[in-house]
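Q: Handing you this structure, nothing more for now.
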Amino acid sequence: MSGADRRESARSAFPWLLLVGISLVALNFRGPLVTISPVIGDIEQSLGITPTTAGLLTSLPVLCFALGTPVAAWTIRLTGAERAVAIALIGTLIGTIIRSGGTTAAAFVGTIVIGIAIAIGNVVVPVVIRRDVPPARAQLVTGVYSAMMNVGSMLTIAATAPLAEQIGWQWATAVWGVLILVALAVWGVHLRRTVAESREARAAEALAVTGSMQAVTGPTGVIPGERSAWRNSMTWLLAAAFATQSFSYYGLSAWLPSLYGDEHGLDAIAAGNVSSLFQLAAVVGALGVPFLGRARPVWLQPAIVGVLWISLPLGLLLAPDAYLLWTVTGGIAQGGGFVVIIASVVRFTRTDRETTQMSALVQAGGYLLAATAPPVLGALHESTGAWTAPLLAVLFATSGFLVLTSTAAIRAARTGAAD
């Protein structure tokens with residue numbers, strides 16, 4: 001039996017081991033980004049850095065998401081997809097250990113390593129899902145992958161502060177490497193059961209990812225009837241919407257524990273527990289938004305998500321005592337907002353190539369702006385000594401999400417697609 005026949009046979013049955021492996025991988029692809037937020041005060045004091053500088057520790061990995069695609073393509077070409085996932089996990093583990101070294105240099109070097117490693121994972125895991133999961137189940141596995149990333153964020157935010165009280169922030173952030181080791185062990189079993197990829201298969205995978213990269217740099221030719229995403233105004237509308245979504249999510253993920261500690265007198269453990277609701281509620285949003293897909297009028301779905309998004313900063317400003325409610329509604333919105341935009345990219349494009357171009361441009365721009373959120377909000381807090389200015393910045397961003405996504409939905413309904 002040829003390699004292609006074996007792969008097709010494997011795809012005919014649901015790959016339970018792969019699902020477990022991807023779930024464990026996902027736990028480690030967002031948690032490391034938010035692990036330090038519950039203990040950011042301890043890190044500032046220990047390293048002698050300002051809140052603005054500390055904010056960079058959460059923004060640098062996000063910047064790597066936008067700029068790390070070439071590394072992902074090179075890794076796939078050199079090793080193949082399954083091994084690239086293992087490399088992403090190993091890199092995340094190494095970065096986690098380095099970041100906990102106790103010096104400012106170690107913190108930043110480790111953070112950059114984590115960002116590059118997860119950037120590889122962001123590209124490689126969808127490749128594995130598309131190739132090795134039966135098409136009818138691909139959406140299920142992708143949903144589990146997305147949900148488990150939020151669960152990973154929730155776990156690390158909730159448990160890091162209690163651990164830090166017992167063993168210090170360095171060990172409390174490093175101990176999450178145990179989850180990475182578990183994921184590596186399960187993924188290693190999957191690797192041993194995977195048919196070795198031929199040189200041609202690896203080259204094909206690399207070409208597919210490289211094609212996505214080249215789409216970002218501009219069109220290399222246009223298929224008849226296909227429109228360049230660069231010249232499609234819907235691309236830039238969705239890019240702006242994704243930027244507001246990402247700015248709000250990463251800024252709040254970084255600073256909500258500190259805000260709740262300062263404004264409501266919560267200790268580090270309680271603030272971390274409350275903030276973890278923001279991550280957990282995202283699962284509800286991600287799974288619930290598709291049920292609104294047939295809602296009419298067409299702007300109702302993004303409008304509902306946008307209003308929920310706005311409720312978090314506006315509620316904390318006007319009715320701060322109900323912060324538990326606003327944390328949950330904002331969490332639902334951040335999970336649903338991602339689905340709204342990515343689903344729009346698919347719906348507003350006509351060919352796979354057009355979808356690749358638009359998706360790359362939308363996400364690259366969004367992550368670039370998201371990288372500025374933690375230091376910007378930290379600087380606003382540091383300069384004013386209060387959380388009003390940072391919340392107003394988030395309110396502006398979430399209001400932009402409401403306007404931009406609703407406008408995109410209305411324009412698409414009028415034209416039948418992006419113009």
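As shown in the structure tokens, the chain order sets the letters A, B, ...; within each chain, residues go from 1, and ligands are also counted from 1 in the order they appear.
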Show me, as a PyMOL selection string, the residues that have an atom within 6 Å of A:Leu402 when counting only C-alpha atoms, minus same-chain residues fewer than 3 positions from it.

A: chain A and resi 303+306+399+405

Q: Near A:Leu395, counting only C-alpha atoms, which residues have an atom at most 9 Å away, once you skip same-chain residues fewer than 6 positions from it, shown as a PyMOL selection string?

A: chain A and resi 248+309-314

Q: I need the residues from that last selection saved to file as a compact mmCIF listing (two decimals), in the first residue's frame (with C-alpha atoms), if you can.

A:
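This went into result.txt:
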# COMPACT_ATOMS: atom_id res chain seq x y z
CA SER A 248 -8.89 44.54 23.22
CA TRP A 309 -17.63 43.53 23.88
CA ILE A 310 -18.51 47.13 24.76
CA SER A 311 -20.21 46.01 27.98
CA LEU A 312 -16.87 45.11 29.58
CA PRO A 313 -15.04 48.47 29.50
CA LEU A 314 -18.26 50.50 29.75

Q: Hey, could you make a per-residue contact list for stretch 37-79 of chain A against stretch 93-101 of chain A with 12 Å as the cut-off, showing the nearest pair of atoms and its distance in Å to one decimal, counting only C-alpha atoms, sorted by chain and number, as a Markdown table?

A:
| residue | atom | partner | partner_atom | distance |
| --- | --- | --- | --- | --- |
| A:Ile43 | CA | A:Ser100 | CA | 9.9 |
| A:Ser46 | CA | A:Ser100 | CA | 11.5 |
| A:Leu47 | CA | A:Gly101 | CA | 10.7 |
| A:Leu57 | CA | A:Arg99 | CA | 9.5 |
| A:Thr58 | CA | A:Arg99 | CA | 11.7 |
| A:Pro61 | CA | A:Gly95 | CA | 10.8 |

Q: Just want the 10 Å neighbourhood of A:Ile304, counted on only C-alpha atoms, with same-chain residues fewer than 5 positions away dropped. Output as a VMD selection string.

A: chain A and resid 289 292 299 309 333 336 to 337 402 406

Q: Save out the residues we just selected, N, CA, C and O atoms, as an mmCIF file, in the first residue's frame.

A:
data_model
loop_
_atom_site.group_PDB
_atom_site.id
_atom_site.type_symbol
_atom_site.label_atom_id
_atom_site.label_comp_id
_atom_site.auth_asym_id
_atom_site.auth_seq_id
_atom_site.Cartn_x
_atom_site.Cartn_y
_atom_site.Cartn_z
ATOM 1 N N VAL A 289 -21.706 31.591 18.882
ATOM 2 C CA VAL A 289 -21.874 32.506 17.748
ATOM 3 C C VAL A 289 -22.371 31.806 16.487
ATOM 4 O O VAL A 289 -23.214 32.361 15.765
ATOM 5 N N LEU A 292 -25.970 31.957 15.693
ATOM 6 C CA LEU A 292 -26.543 33.226 15.245
ATOM 7 C C LEU A 292 -26.279 33.471 13.764
ATOM 8 O O LEU A 292 -26.619 34.532 13.244
ATOM 9 N N TRP A 299 -26.757 42.216 10.143
ATOM 10 C CA TRP A 299 -25.839 42.854 11.085
ATOM 11 C C TRP A 299 -26.106 42.441 12.528
ATOM 12 O O TRP A 299 -25.384 42.845 13.442
ATOM 13 N N TRP A 309 -19.013 43.046 23.755
ATOM 14 C CA TRP A 309 -17.633 43.535 23.879
ATOM 15 C C TRP A 309 -17.614 44.876 24.605
ATOM 16 O O TRP A 309 -16.834 45.096 25.535
ATOM 17 N N ALA A 333 -17.778 37.743 24.358
ATOM 18 C CA ALA A 333 -17.557 38.552 23.158
ATOM 19 C C ALA A 333 -16.203 38.290 22.526
ATOM 20 O O ALA A 333 -16.093 38.191 21.302
ATOM 21 N N GLY A 336 -16.435 35.004 20.715
ATOM 22 C CA GLY A 336 -17.304 35.113 19.555
ATOM 23 C C GLY A 336 -16.776 36.055 18.500
ATOM 24 O O GLY A 336 -16.996 35.845 17.300
ATOM 25 N N GLY A 337 -16.066 37.104 18.921
ATOM 26 C CA GLY A 337 -15.545 38.076 17.960
ATOM 27 C C GLY A 337 -14.547 37.468 16.996
ATOM 28 O O GLY A 337 -14.553 37.784 15.797
ATOM 29 N N LEU A 402 -17.660 46.906 16.854
ATOM 30 C CA LEU A 402 -19.092 46.904 16.577
ATOM 31 C C LEU A 402 -19.401 47.561 15.235
ATOM 32 O O LEU A 402 -20.122 47.007 14.396
ATOM 33 N N SER A 406 -20.294 45.204 11.799
ATOM 34 C CA SER A 406 -21.665 45.409 11.322
ATOM 35 C C SER A 406 -21.657 46.001 9.917
ATOM 36 O O SER A 406 -22.455 45.592 9.053
#

Q: For A:Val182, which residue among A:Val39, A:Leu316, A:Leu280, A:Leu89 is the nearest when counting only C-alpha atoms?

A: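 When distances to A:Val182 are compared using only C-alpha atoms, the smallest one comes from A:Leu89.
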
Q: I'd like the interatomic distance between atom CA of A:Gly55 and atom CA of A:Thr35, to a tenth of an Å.

A: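 Atom-to-atom, atom CA of A:Gly55 and atom CA of A:Thr35 are spaced 12.6 Å apart.
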
Q: Out of A:Ala386, A:Val178, A:Leu67, A:Val284, which residue has the shortest atom-to-atom distance to A:Glu263 when counting only C-alpha atoms?

A: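 Checking each candidate against A:Glu263, we get A:Ala386 as the closest.
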
Q: Considering only C-alpha atoms, return as a PyMOL selection string whatever protein or nucleic-acid residues lie within 8 Å of A:Asn273, sequence-local ones (same chain, fewer than 6 positions apart) excluded.

A: chain A and resi 157-159

Q: Selection from above, all heavy atoms, as a JSON list (two decimals), in the first residue's frame, can you write it?

A:
[["chain", "number", "residue", "atom", "x", "y", "z"],
["A", 157, "ILE", "N", -4.00, 31.44, 34.28],
["A", 157, "ILE", "CA", -4.35, 32.67, 35.00],
["A", 157, "ILE", "C", -4.84, 32.36, 36.40],
["A", 157, "ILE", "O", -4.50, 33.03, 37.38],
["A", 157, "ILE", "CB", -5.40, 33.48, 34.21],
["A", 157, "ILE", "CG1", -4.77, 34.12, 32.98],
["A", 157, "ILE", "CG2", -6.03, 34.55, 35.09],
["A", 157, "ILE", "CD1", -5.73, 34.90, 32.13],
["A", 158, "ALA", "N", -5.66, 31.32, 36.54],
["A", 158, "ALA", "CA", -6.24, 31.00, 37.84],
["A", 158, "ALA", "C", -5.23, 30.44, 38.81],
["A", 158, "ALA", "O", -5.31, 30.70, 40.02],
["A", 158, "ALA", "CB", -7.40, 30.01, 37.65],
["A", 159, "ALA", "N", -4.27, 29.67, 38.34],
["A", 159, "ALA", "CA", -3.39, 28.92, 39.25],
["A", 159, "ALA", "C", -2.01, 29.54, 39.46],
["A", 159, "ALA", "O", -1.32, 29.17, 40.41],
["A", 159, "ALA", "CB", -3.23, 27.49, 38.74]]

Q: By how many Å are atom CA of A:Ala147 and atom CA of A:Tyr323 apart?

A: 23.4 Å

Q: Using Å and a single decimal, report how far atom CA of A:Leu392 sits from atom CA of A:Gly330.

A: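 Atom CA of A:Leu392 lies 14.7 Å from atom CA of A:Gly330.
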